[in-house]
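*Asks:* Structure file data-v3.csv (CSV, C-alpha atoms) right here:
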```csv
chain,number,residue,atom,x,y,z
Q,702,MET,CA,-18.7,-52.5,-29.7
Q,703,THR,CA,-17.5,-50.4,-26.7
Q,704,ARG,CA,-16.4,-47.7,-29.1
Q,705,ASN,CA,-19.8,-47.7,-30.8
Q,706,LEU,CA,-21.5,-47.4,-27.4
Q,707,LEU,CA,-19.3,-44.5,-26.4
Q,708,VAL,CA,-19.8,-42.7,-29.7
Q,709,ALA,CA,-23.6,-43.2,-29.5
Q,710,SER,CA,-23.6,-41.9,-25.9
Q,711,LEU,CA,-21.5,-38.8,-26.9
Q,712,LEU,CA,-23.8,-38.1,-29.8
Q,713,LEU,CA,-26.8,-38.4,-27.5
Q,714,LEU,CA,-25.2,-36.0,-25.1
Q,715,CYS,CA,-24.4,-33.5,-27.8
Q,716,ALA,CA,-27.9,-33.6,-29.1
Q,717,ALA,CA,-29.2,-33.0,-25.5
Q,718,LEU,CA,-26.9,-30.1,-25.1
Q,719,LEU,CA,-27.9,-28.7,-28.5
Q,720,VAL,CA,-31.6,-28.9,-27.6
Q,721,ALA,CA,-31.0,-27.3,-24.2
Q,722,CYS,CA,-29.0,-24.4,-25.6
Q,723,SER,CA,-31.3,-23.7,-28.5
Q,724,ASP,CA,-34.5,-23.6,-26.4
Q,725,PRO,CA,-36.0,-20.2,-27.4
Q,726,ALA,CA,-37.4,-19.5,-24.0
Q,727,ARG,CA,-34.0,-20.1,-22.3
Q,728,THR,CA,-32.3,-18.0,-25.0
Q,729,ALA,CA,-34.8,-15.2,-24.4
Q,730,ARG,CA,-34.2,-15.3,-20.6
Q,731,ARG,CA,-30.5,-15.1,-21.2
Q,732,GLU,CA,-30.9,-12.1,-23.4
Q,733,VAL,CA,-33.2,-10.4,-20.8
Q,734,ASP,CA,-30.6,-11.0,-18.2
Q,735,ARG,CA,-27.9,-9.5,-20.4
Q,736,LEU,CA,-30.0,-6.5,-21.3
Q,737,THR,CA,-30.9,-5.9,-17.7
Q,738,ARG,CA,-27.2,-5.9,-16.7
Q,739,ILE,CA,-26.0,-3.6,-19.4
Q,740,THR,CA,-28.9,-1.2,-19.0
Q,741,GLN,CA,-28.1,-0.9,-15.3
Q,742,LYS,CA,-24.5,-0.1,-16.2
Q,743,VAL,CA,-25.7,2.7,-18.5
Q,744,GLU,CA,-27.8,4.1,-15.7
Q,745,VAL,CA,-24.9,4.1,-13.2
Q,746,ASN,CA,-22.7,5.8,-15.8
Q,747,ILE,CA,-25.4,8.5,-16.4
Q,748,GLN,CA,-25.6,9.2,-12.7
Q,749,ARG,CA,-21.8,9.3,-12.2
Q,750,GLU,CA,-21.2,11.6,-15.1
Q,751,ALA,CA,-24.1,13.9,-14.2
Q,752,ARG,CA,-22.8,14.2,-10.6
Q,753,GLY,CA,-19.3,14.9,-12.0
Q,754,VAL,CA,-20.6,17.7,-14.2
Q,755,MET,CA,-22.7,19.1,-11.3
Q,756,LEU,CA,-19.5,19.2,-9.2
Q,757,ASP,CA,-17.5,21.0,-11.9
Q,758,VAL,CA,-20.3,23.6,-12.3
Q,759,ALA,CA,-20.3,24.2,-8.6
Q,760,LYS,CA,-16.5,24.5,-8.3
Q,761,ALA,CA,-16.3,26.9,-11.2
Q,762,GLU,CA,-19.1,29.1,-9.8
Q,763,GLY,CA,-17.6,28.9,-6.3
Q,764,THR,CA,-14.3,30.2,-7.5
Q,765,ARG,CA,-16.0,33.0,-9.5
Q,766,ARG,CA,-18.1,34.0,-6.5
Q,767,GLY,CA,-15.1,34.1,-4.2
Q,768,GLN,CA,-13.1,36.2,-6.7
Q,769,GLU,CA,-16.0,38.7,-7.2
Q,770,LEU,CA,-16.6,39.0,-3.5
Q,771,LYS,CA,-12.9,39.6,-2.8
Q,772,ALA,CA,-12.7,42.2,-5.6
Q,773,ALA,CA,-15.7,44.0,-4.0
Q,774,GLY,CA,-14.1,44.0,-0.6
Q,775,CYS,CA,-16.5,41.5,1.0
Q,776,GLY,CA,-15.3,39.1,3.7
Q,777,PRO,CA,-15.0,35.3,3.5
Q,778,ALA,CA,-18.1,34.9,5.6
Q,779,ASN,CA,-20.1,36.2,2.7
Q,780,ALA,CA,-18.9,33.3,0.5
Q,781,THR,CA,-21.0,30.7,2.3
Q,782,GLN,CA,-24.1,32.8,3.2
Q,783,PRO,CA,-27.3,32.9,1.2
Q,784,SER,CA,-27.8,36.3,-0.6
Q,785,SER,CA,-30.9,36.9,1.5
Q,786,ALA,CA,-28.7,37.1,4.6
Q,787,LEU,CA,-26.4,39.7,3.1
Q,788,VAL,CA,-26.3,43.4,2.3
Q,789,ASP,CA,-25.1,45.1,-0.9
Q,790,PRO,CA,-22.7,45.0,-2.6
Q,791,CYS,CA,-22.1,41.4,-1.4
Q,792,LYS,CA,-25.8,40.6,-1.6
Q,793,GLY,CA,-25.9,41.5,-5.3
Q,794,ILE,CA,-22.8,39.4,-6.1
Q,795,VAL,CA,-24.1,36.4,-4.3
Q,796,ALA,CA,-27.6,36.7,-5.7
Q,797,ALA,CA,-26.2,36.9,-9.2
Q,798,SER,CA,-24.0,33.9,-8.5
Q,799,GLU,CA,-26.9,31.9,-7.1
Q,800,ALA,CA,-29.0,32.6,-10.1
Q,801,ARG,CA,-26.2,31.5,-12.5
Q,802,TYR,CA,-25.5,28.4,-10.5
Q,803,GLU,CA,-29.2,27.3,-10.2
Q,804,LYS,CA,-29.7,27.9,-13.9
Q,805,ARG,CA,-26.7,25.8,-15.0
Q,806,GLN,CA,-27.4,23.0,-12.4
Q,807,GLY,CA,-31.0,23.0,-13.5
Q,808,GLU,CA,-29.9,22.4,-17.1
Q,809,VAL,CA,-27.7,19.5,-16.1
Q,810,ILE,CA,-30.4,17.9,-13.9
Q,811,SER,CA,-33.1,18.4,-16.5
Q,812,VAL,CA,-31.0,16.6,-19.2
Q,813,ALA,CA,-30.0,13.8,-16.7
Q,814,LYS,CA,-33.6,13.2,-15.7
Q,815,LYS,CA,-34.8,13.0,-19.2
Q,816,VAL,CA,-32.2,10.5,-20.3
Q,817,ASP,CA,-32.6,8.5,-17.1
Q,818,ALA,CA,-36.3,8.2,-17.9
Q,819,ALA,CA,-35.4,7.1,-21.5
Q,820,VAL,CA,-33.1,4.4,-20.1
Q,821,LYS,CA,-35.8,3.2,-17.7
Q,822,THR,CA,-38.1,2.4,-20.7
Q,823,VAL,CA,-36.0,-0.7,-21.4
Q,824,TYR,CA,-37.2,-2.5,-18.2
Q,825,PRO,CA,-40.9,-2.7,-19.1
Q,826,THR,CA,-40.0,-4.1,-22.5
Q,827,LEU,CA,-38.0,-6.8,-20.8
Q,828,ILE,CA,-41.0,-7.7,-18.5
Q,829,VAL,CA,-43.2,-8.1,-21.6
Q,830,VAL,CA,-40.6,-10.6,-22.9
Q,831,LEU,CA,-40.7,-12.5,-19.6
Q,832,ASP,CA,-44.5,-12.6,-19.6
Q,833,LEU,CA,-44.4,-14.5,-22.9
Q,834,VAL,CA,-41.5,-16.7,-21.7
Q,835,GLU,CA,-43.5,-17.7,-18.6
Q,836,ASP,CA,-46.5,-18.7,-20.8
Q,837,ILE,CA,-44.2,-20.7,-23.1
Q,838,GLU,CA,-42.5,-22.5,-20.2
Q,839,ALA,CA,-45.9,-23.2,-18.7
Q,840,GLY,CA,-46.9,-24.9,-22.0
Q,841,VAL,CA,-49.2,-22.2,-23.3
Q,842,LYS,CA,-47.8,-21.9,-26.8
Q,843,ALA,CA,-50.1,-19.9,-29.1
Q,844,THR,CA,-49.7,-20.0,-32.8
Q,845,GLY,CA,-46.5,-18.2,-34.0
Q,846,TRP,CA,-45.1,-18.0,-30.4
Q,847,GLN,CA,-41.5,-18.3,-31.7
Q,848,ALA,CA,-41.9,-15.4,-34.1
Q,849,LYS,CA,-43.6,-13.3,-31.4
Q,850,LEU,CA,-40.9,-14.1,-28.9
Q,851,ALA,CA,-38.2,-13.2,-31.3
Q,852,ALA,CA,-40.0,-9.9,-32.1
Q,853,LEU,CA,-40.4,-9.0,-28.4
Q,854,VAL,CA,-36.7,-9.7,-27.8
Q,855,ALA,CA,-35.7,-7.6,-30.8
Q,856,ARG,CA,-37.9,-4.8,-29.6
Q,857,ALA,CA,-36.3,-4.9,-26.1
Q,858,ALA,CA,-32.8,-4.9,-27.7
Q,859,GLN,CA,-33.8,-1.9,-29.9
Q,860,THR,CA,-35.1,0.0,-26.9
Q,861,TYR,CA,-31.6,-0.6,-25.3
Q,862,VAL,CA,-29.9,0.7,-28.5
Q,863,ASP,CA,-32.2,3.8,-28.3
Q,864,CYS,CA,-31.2,4.2,-24.7
Q,865,LEU,CA,-27.5,4.1,-25.7
Q,866,ALA,CA,-28.2,6.8,-28.2
Q,867,ALA,CA,-29.9,8.9,-25.6
Q,868,TYR,CA,-26.9,8.4,-23.3
Q,869,GLU,CA,-24.5,9.6,-26.0
Q,870,ALA,CA,-26.7,12.7,-26.6
Q,871,PHE,CA,-26.8,13.3,-22.9
Q,872,LYS,CA,-23.0,13.2,-22.7
Q,873,LYS,CA,-22.8,15.9,-25.4
Q,874,ALA,CA,-25.6,17.9,-23.9
Q,875,ILE,CA,-24.2,18.1,-20.3
Q,876,VAL,CA,-20.8,19.0,-21.6
Q,877,VAL,CA,-22.0,21.7,-24.0
Q,878,GLY,CA,-25.0,23.0,-22.1
Q,879,GLY,CA,-24.3,22.5,-18.4
Q,880,GLY,CA,-20.6,21.5,-18.2
Q,881,LYS,CA,-17.3,23.2,-18.0
T,950,MET,CA,-16.2,-62.9,-26.2
T,951,THR,CA,-17.7,-64.3,-23.0
T,952,ALA,CA,-21.0,-63.1,-21.5
T,953,ALA,CA,-19.1,-61.9,-18.5
T,954,ALA,CA,-16.9,-59.8,-20.6
T,955,VAL,CA,-19.9,-58.2,-22.4
T,956,VAL,CA,-21.5,-57.4,-19.1
T,957,GLN,CA,-18.2,-55.9,-17.9
T,958,ILE,CA,-18.0,-53.7,-21.0
T,959,ILE,CA,-21.6,-52.6,-20.8
T,960,THR,CA,-21.1,-51.7,-17.1
T,961,TRP,CA,-17.9,-49.8,-17.9
T,962,ALA,CA,-19.6,-47.9,-20.7
T,963,ALA,CA,-22.6,-47.1,-18.6
T,964,LYS,CA,-20.3,-45.7,-15.9
T,965,ALA,CA,-18.5,-43.6,-18.4
T,966,VAL,CA,-21.7,-42.2,-19.9
T,967,ALA,CA,-23.0,-41.4,-16.4
T,968,SER,CA,-19.9,-39.5,-15.5
T,969,ILE,CA,-19.9,-37.6,-18.8
T,970,TRP,CA,-23.6,-36.8,-18.3
T,971,GLY,CA,-22.9,-35.5,-14.9
T,972,VAL,CA,-20.3,-33.1,-16.3
T,973,VAL,CA,-22.6,-32.0,-19.1
T,974,GLN,CA,-25.5,-31.4,-16.6
T,975,GLU,CA,-23.2,-29.3,-14.4
T,976,ALA,CA,-22.2,-27.2,-17.4
T,977,ILE,CA,-25.8,-26.7,-18.4
T,978,LYS,CA,-26.7,-25.7,-14.9
T,979,LYS,CA,-23.9,-23.2,-14.8
T,980,ALA,CA,-24.9,-21.7,-18.2
T,981,GLU,CA,-28.6,-21.6,-17.1
T,982,PRO,CA,-29.9,-18.0,-17.0
T,983,PRO,CA,-32.0,-16.9,-14.0
T,984,THR,CA,-35.6,-18.0,-14.1
T,985,SER,CA,-38.4,-15.7,-15.4
T,986,ALA,CA,-39.6,-15.2,-11.8
T,987,GLU,CA,-36.1,-14.2,-10.7
T,988,LEU,CA,-35.6,-11.8,-13.6
T,989,LYS,CA,-39.1,-10.3,-13.2
T,990,LYS,CA,-38.4,-9.7,-9.5
T,991,LYS,CA,-35.1,-8.0,-10.3
T,992,LEU,CA,-36.7,-5.8,-12.9
T,993,HIS,CA,-39.6,-4.8,-10.6
T,994,ASP,CA,-37.1,-4.0,-7.9
T,995,ILE,CA,-35.1,-1.8,-10.2
T,996,ILE,CA,-38.3,0.0,-11.4
T,997,ASP,CA,-39.6,0.4,-7.9
T,998,ALA,CA,-36.3,1.7,-6.6
T,999,GLY,CA,-36.1,4.3,-9.4
T,1000,SER,CA,-36.0,7.7,-7.7
T,1001,ASP,CA,-34.3,11.0,-8.0
T,1002,ASP,CA,-32.4,10.5,-4.8
T,1003,TRP,CA,-29.1,10.5,-6.7
T,1004,ILE,CA,-29.9,13.9,-8.1
T,1005,LYS,CA,-30.6,15.3,-4.6
T,1006,ALA,CA,-27.4,13.8,-3.3
T,1007,GLY,CA,-25.4,15.2,-6.2
T,1008,LYS,CA,-26.9,18.6,-5.7
T,1009,ALA,CA,-26.1,18.6,-2.0
T,1010,GLU,CA,-22.5,17.5,-2.8
T,1011,ALA,CA,-22.3,20.3,-5.5
T,1012,ASP,CA,-23.6,22.9,-3.1
T,1013,ALA,CA,-21.0,22.0,-0.6
T,1014,ALA,CA,-18.3,22.1,-3.3
T,1015,LEU,CA,-19.4,25.6,-4.3
T,1016,ALA,CA,-19.2,27.0,-0.8
T,1017,ALA,CA,-15.7,25.3,-0.4
T,1018,ALA,CA,-14.5,26.8,-3.6
T,1019,ALA,CA,-15.7,30.3,-2.8
T,1020,GLU,CA,-14.1,30.0,0.7
T,1021,ALA,CA,-10.9,28.7,-0.8
T,1022,GLU,CA,-10.5,31.9,-2.7
T,1023,PHE,CA,-10.2,33.8,0.6
T,1024,ASP,CA,-7.9,31.1,2.0
T,1025,GLU,CA,-5.5,31.7,-0.9
T,1026,ASP,CA,-5.5,35.3,-0.1
T,1027,LEU,CA,-4.8,34.6,3.5
T,1028,LYS,CA,-1.9,32.3,2.5
T,1029,ASP,CA,-0.4,35.0,0.3
T,1030,THR,CA,-0.6,37.5,3.2
T,1031,LEU,CA,1.1,35.1,5.5
T,1032,LYS,CA,3.8,34.4,3.0
T,1033,ASP,CA,4.4,38.2,2.5
T,1034,LYS,CA,4.6,38.6,6.3
T,1035,ASP,CA,7.1,35.8,6.6
T,1036,LYS,CA,9.2,37.4,3.9
T,1037,GLY,CA,8.9,40.8,5.6
```
Before we go any further, please render this structure as structure tokens.
*Replies:*
Amino acid sequence: MTRNLLVASLLLLCAALLVACSDPARTARREVDRLTRITQKVEVNIQREARGVMLDVAKAEGTRRGQELKAAGCGPANATQPSSALVDPCKGIVAASEARYEKRQGEVISVAKKVDAAVKTVYPTLIVVLDLVEDIEAGVKATGWQAKLAALVARAAQTYVDCLAAYEAFKKAIVVGGGK
Amino acid sequence: MTAAAVVQIITWAAKAVASIWGVVQEAIKKAEPPTSAELKKKLHDIIDAGSDDWIKAGKAEADAALAAAAEAEFDEDLKDTLKDKDKG
């Protein structure tokens, strides 16, 4: 009898656990939590990589500027002055360097901004999922709510996949267009 | 089996079930994702905090690196001159 009681209790516990784990609203919340975390990681990676490329661009341009100034007989003070404060030939060298630098940095920043904006589209799709989850948890269950919830979660997950694709394209674009 | 023994067994079984239930509840609690309100707040915070500050900071850092690299070219020259002097 004791054994039967124990087995029955265990079965009851397993059933409770199964019901708890298979609750669609809870599953959706877990997925929203996961997608939020991984999207944030992608954002951090984009920012880190863009800053890295911006630094590379700056260092390469700085070296070139220094070499050109030296070759033209300009002093070290010209290396850190804006072209507007200089006189030719140093002015011309620094002005050309500034133009090159701003153009290349502009390319990197533009690509980074675009992909950052693409990544940020994931967050609103997750809020839409949570709106429905809140209704469900409050007991407002419209017809077909399970299918609708599954569709919204799938849409959010797809937006994340698109954001990953944008990130991969970004990595290629900054290396080819604005990188080393 | 006496009535006392049956009561004893039921008491023991109830205690065992209660302790297992406690463990299971703890596990469920640990596996519980944040609430919708918590997740929404987090998402709104992320969206509201979204700015281009990191680009500005990155550009400032890059500008400083450019100046340092340009100056370093002259430093190299100075080092070479000093080396030549030492040798001379």
*Asks:* Find the nearest atom pair between each residue of chain Q and chain T for residues within 6 Å, count all atoms listed in the file, give distances in Å to one decimal, sort rows by chain and ascending number, and present the table as JSON lines.
*Replies:*
```
{"residue": "Q:Arg731", "atom": "CA", "partner": "T:Pro982", "partner_atom": "CA", "distance": 5.1}
{"residue": "Q:Arg752", "atom": "CA", "partner": "T:Gly1007", "partner_atom": "CA", "distance": 5.2}
{"residue": "Q:Met755", "atom": "CA", "partner": "T:Ala1011", "partner_atom": "CA", "distance": 5.9}
{"residue": "Q:Leu756", "atom": "CA", "partner": "T:Ala1011", "partner_atom": "CA", "distance": 4.8}
{"residue": "Q:Ala759", "atom": "CA", "partner": "T:Leu1015", "partner_atom": "CA", "distance": 4.6}
{"residue": "Q:Lys760", "atom": "CA", "partner": "T:Leu1015", "partner_atom": "CA", "distance": 5.1}
{"residue": "Q:Gly763", "atom": "CA", "partner": "T:Ala1019", "partner_atom": "CA", "distance": 4.2}
{"residue": "Q:Thr764", "atom": "CA", "partner": "T:Ala1019", "partner_atom": "CA", "distance": 4.9}
{"residue": "Q:Arg766", "atom": "CA", "partner": "T:Ala1019", "partner_atom": "CA", "distance": 5.8}
{"residue": "Q:Gly767", "atom": "CA", "partner": "T:Ala1019", "partner_atom": "CA", "distance": 4.1}
{"residue": "Q:Pro777", "atom": "CA", "partner": "T:Phe1023", "partner_atom": "CA", "distance": 5.8}
{"residue": "Q:Ala780", "atom": "CA", "partner": "T:Ala1019", "partner_atom": "CA", "distance": 5.5}
{"residue": "Q:Thr781", "atom": "CA", "partner": "T:Ala1016", "partner_atom": "CA", "distance": 5.2}
{"residue": "Q:Leu831", "atom": "CA", "partner": "T:Ser985", "partner_atom": "CA", "distance": 5.8}
```
*Asks:* Quick one: residues within 8 Å of region 807-823 of chain Q, only C-alpha atoms, excluding same-chain residues fewer than 3 positions away - as a compact mmCIF listing (two decimals) with C-alpha atoms, in the frame of the given file?
*Replies:*
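Result written to around-v3.txt:
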```txt
# COMPACT_ATOMS: atom_id res chain seq x y z
CA THR Q 740 -28.90 -1.20 -19.00
CA VAL Q 743 -25.70 2.70 -18.50
CA GLU Q 744 -27.80 4.10 -15.70
CA ILE Q 747 -25.40 8.50 -16.40
CA GLN Q 748 -25.60 9.20 -12.70
CA ALA Q 751 -24.10 13.90 -14.20
CA VAL Q 754 -20.60 17.70 -14.20
CA MET Q 755 -22.70 19.10 -11.30
CA GLU Q 803 -29.20 27.30 -10.20
CA LYS Q 804 -29.70 27.90 -13.90
CA THR Q 826 -40.00 -4.10 -22.50
CA LEU Q 827 -38.00 -6.80 -20.80
CA ALA Q 857 -36.30 -4.90 -26.10
CA THR Q 860 -35.10 0.00 -26.90
CA TYR Q 861 -31.60 -0.60 -25.30
CA CYS Q 864 -31.20 4.20 -24.70
CA LEU Q 865 -27.50 4.10 -25.70
CA ALA Q 867 -29.90 8.90 -25.60
CA TYR Q 868 -26.90 8.40 -23.30
CA PHE Q 871 -26.80 13.30 -22.90
CA ALA Q 874 -25.60 17.90 -23.90
CA ILE Q 875 -24.20 18.10 -20.30
CA GLY Q 878 -25.00 23.00 -22.10
CA GLY Q 879 -24.30 22.50 -18.40
CA GLY Q 880 -20.60 21.50 -18.20
CA ILE T 996 -38.30 0.00 -11.40
CA ILE T 1004 -29.90 13.90 -8.10
```
*Asks:* Between CA of Glu732 (chain Q) and CA of Asn746 (chain Q), what is the distance in Å, rounded to a tenth?
*Replies:*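 Between CA of Glu732 (chain Q) and CA of Asn746 (chain Q) the gap is 21.1 Å.
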*Asks:* At what distance in Å, to one decimal, does CA of Arg765 (chain Q) lie from CA of Ser798 (chain Q)?
*Replies:* 8.1 Å
*Asks:* By how many Å are CA of Ile739 (chain Q) and CA of Leu833 (chain Q) apart?
*Replies:* 21.7 Å
*Asks:* Mind completing region 955-969 of chain T with N, CA and C atoms? Output as a compact mmCIF listing (two decimals), in the frame of the given file, please?
*Replies:*
```txt
# COMPACT_ATOMS: atom_id res chain seq x y z
N VAL T 955 -18.89 -59.18 -21.86
CA VAL T 955 -19.90 -58.20 -22.40
C VAL T 955 -20.52 -57.41 -21.31
N VAL T 956 -20.89 -58.10 -20.23
CA VAL T 956 -21.50 -57.40 -19.10
C VAL T 956 -20.53 -56.37 -18.52
N GLN T 957 -19.27 -56.79 -18.44
CA GLN T 957 -18.20 -55.90 -17.90
C GLN T 957 -18.10 -54.63 -18.77
N ILE T 958 -18.10 -54.86 -20.09
CA ILE T 958 -18.00 -53.70 -21.00
C ILE T 958 -19.16 -52.78 -20.91
N ILE T 959 -20.36 -53.40 -20.85
CA ILE T 959 -21.60 -52.60 -20.80
C ILE T 959 -21.56 -51.76 -19.45
N THR T 960 -21.14 -52.42 -18.36
CA THR T 960 -21.10 -51.70 -17.10
C THR T 960 -20.11 -50.55 -17.15
N TRP T 961 -18.96 -50.83 -17.75
CA TRP T 961 -17.90 -49.80 -17.90
C TRP T 961 -18.43 -48.60 -18.70
N ALA T 962 -19.08 -48.98 -19.82
CA ALA T 962 -19.60 -47.90 -20.70
C ALA T 962 -20.68 -47.11 -20.01
N ALA T 963 -21.54 -47.79 -19.26
CA ALA T 963 -22.60 -47.10 -18.60
C ALA T 963 -22.04 -46.10 -17.54
N LYS T 964 -20.98 -46.54 -16.86
CA LYS T 964 -20.30 -45.70 -15.90
C LYS T 964 -19.73 -44.44 -16.55
N ALA T 965 -19.09 -44.69 -17.70
CA ALA T 965 -18.50 -43.60 -18.40
C ALA T 965 -19.51 -42.58 -18.89
N VAL T 966 -20.63 -43.11 -19.42
CA VAL T 966 -21.70 -42.20 -19.90
C VAL T 966 -22.27 -41.43 -18.71
N ALA T 967 -22.45 -42.10 -17.58
CA ALA T 967 -23.00 -41.40 -16.40
C ALA T 967 -22.10 -40.27 -15.96
N SER T 968 -20.80 -40.55 -15.97
CA SER T 968 -19.90 -39.50 -15.50
C SER T 968 -19.87 -38.31 -16.50
N ILE T 969 -19.90 -38.63 -17.80
CA ILE T 969 -19.90 -37.60 -18.80
C ILE T 969 -21.23 -36.76 -18.68
```
